[in-house]
Amino acid sequence: SIDHFDGFAVVTRMILKMTSGRTDPLMPILCLLSFFLSAVIDNLTATIVSLKLLRHVAGSDRHLRHAIGGVVVIAANAGGAWSPVGDVTTTMLWLSDKISVGRTIIWLFFPSFVAGVLPMVGVWWELKRHNRQSEGAERQQRQQQQQQTCP
């Protein structure tokens, strides 16, 4: 497999460098990558590649992986819809001269982008809210422990 030969090392390092150890920019980076990747390869392959990258950059945080993973699937499906190459149905229509590449991209890019970005924004906002609540609860628990240990 590609993982055995460390095939995602370059992209993983770039993502880690872009995020600087923070998890906030991880969702938009992977969703945009998935969206545009699925325009040139099929949706399933773009999803698999994006989820592999996600596992490499956020392997320990299961909640984060699930949240980002779900939105990556949505972004890959939305990204494949605006390109004649990214979706099997659109490819068949293009090959039989039922649609043109330029008009398809012009008509479908914006709706596809909105369909990929809106769910990401919603999940991203919810994830940030959840993280703030978790940090507040952890801070409060540490303060209580410090009060109990100090006479």
# chains A, B, ... in the order shown; residues from 1 in each chain; ligands from 1
call {"tool": "select_by_dssp", "arguments": {"residues": "range 24-82 of chain A", "states": "alpha helix (DSSP H)", "output": "PyMOL selection string"}}
result
chain A and resi 26-37+43-57+62-81
call {"tool": "write_last_selection", "arguments": {"atoms": "C-alpha atoms", "output": "mmCIF file, in the first residue's frame"}}
result
data_model
loop_
_atom_site.group_PDB
_atom_site.id
_atom_site.type_symbol
_atom_site.label_atom_id
_atom_site.label_comp_id
_atom_site.auth_asym_id
_atom_site.auth_seq_id
_atom_site.Cartn_x
_atom_site.Cartn_y
_atom_site.Cartn_z
ATOM 1 C CA LEU A 26 -7.244 21.412 9.241
ATOM 2 C CA MET A 27 -10.896 21.110 8.195
ATOM 3 C CA PRO A 28 -10.857 23.814 5.492
ATOM 4 C CA ILE A 29 -7.520 22.595 4.128
ATOM 5 C CA LEU A 30 -8.659 18.990 3.766
ATOM 6 C CA CYS A 31 -12.112 19.946 2.484
ATOM 7 C CA LEU A 32 -10.728 22.238 -0.214
ATOM 8 C CA LEU A 33 -8.157 19.618 -1.166
ATOM 9 C CA SER A 34 -10.895 16.999 -1.403
ATOM 10 C CA PHE A 35 -13.195 19.339 -3.357
ATOM 11 C CA PHE A 36 -10.626 20.166 -6.033
ATOM 12 C CA LEU A 37 -9.046 16.706 -6.086
ATOM 13 C CA ASN A 43 -15.104 11.072 -5.800
ATOM 14 C CA LEU A 44 -14.315 7.806 -4.046
ATOM 15 C CA THR A 45 -10.586 8.050 -4.715
ATOM 16 C CA ALA A 46 -10.514 11.690 -3.590
ATOM 17 C CA THR A 47 -12.338 10.704 -0.400
ATOM 18 C CA ILE A 48 -9.937 7.831 0.322
ATOM 19 C CA VAL A 49 -6.870 10.006 -0.254
ATOM 20 C CA SER A 50 -8.247 12.817 1.918
ATOM 21 C CA LEU A 51 -9.196 10.430 4.726
ATOM 22 C CA LYS A 52 -5.727 8.858 4.631
ATOM 23 C CA LEU A 53 -4.190 12.312 4.947
ATOM 24 C CA LEU A 54 -6.577 13.097 7.796
ATOM 25 C CA ARG A 55 -5.536 9.952 9.633
ATOM 26 C CA HIS A 56 -1.888 10.982 9.305
ATOM 27 C CA VAL A 57 -2.364 14.540 10.580
ATOM 28 C CA ARG A 62 -11.107 10.467 17.120
ATOM 29 C CA HIS A 63 -13.799 13.152 17.503
ATOM 30 C CA LEU A 64 -11.889 15.508 15.202
ATOM 31 C CA ARG A 65 -11.311 12.754 12.638
ATOM 32 C CA HIS A 66 -15.021 11.890 12.569
ATOM 33 C CA ALA A 67 -16.110 15.517 12.190
ATOM 34 C CA ILE A 68 -13.614 16.309 9.456
ATOM 35 C CA GLY A 69 -14.086 12.924 7.781
ATOM 36 C CA GLY A 70 -17.803 13.478 7.321
ATOM 37 C CA VAL A 71 -17.300 16.888 5.765
ATOM 38 C CA VAL A 72 -14.504 15.570 3.534
ATOM 39 C CA VAL A 73 -16.983 13.071 2.031
ATOM 40 C CA ILE A 74 -19.451 15.900 1.359
ATOM 41 C CA ALA A 75 -16.723 18.082 -0.175
ATOM 42 C CA ALA A 76 -15.535 15.259 -2.444
ATOM 43 C CA ASN A 77 -19.042 14.617 -3.715
ATOM 44 C CA ALA A 78 -19.689 18.320 -4.279
ATOM 45 C CA GLY A 79 -16.343 18.766 -6.023
ATOM 46 C CA GLY A 80 -16.945 15.926 -8.425
ATOM 47 C CA ALA A 81 -20.223 17.403 -9.619
#
call {"tool": "atom_distance", "arguments": {"atom1": "CA of Phe110 in chain A", "atom2": "CA of Val123 in chain A"}}
result
20.1 Å
call {"tool": "closest_residue", "arguments": {"among": "A:Leu127, A:Val10, A:Ile41, A:Leu108", "to": "Asp87 in chain A", "atoms": "only C-alpha atoms"}}
result
A:Ile41
call {"tool": "closest_residue", "arguments": {"among": "A:Glu138, A:Asp42, A:Asp6, A:Asp24", "to": "Thr89 in chain A", "atoms": "only C-alpha atoms"}}
result
A:Asp42
call {"tool": "residues_around", "arguments": {"residues": "Lys98 in chain A", "least_positions_apart": "6", "cutoff": "12 Å", "atoms": "only C-alpha atoms", "output": "list in words"}}
result
Pro84, Thr89, Thr90, Thr91, Met92 and Thr104 of chain A
call {"tool": "atom_distance", "arguments": {"atom1": "CA of Ser38 in chain A", "atom2": "CA of Val85 in chain A"}}
result
8.6 Å
call {"tool": "atom_distance", "arguments": {"atom1": "CA of Val40 in chain A", "atom2": "CA of Gly59 in chain A"}}
result
26.7 Å
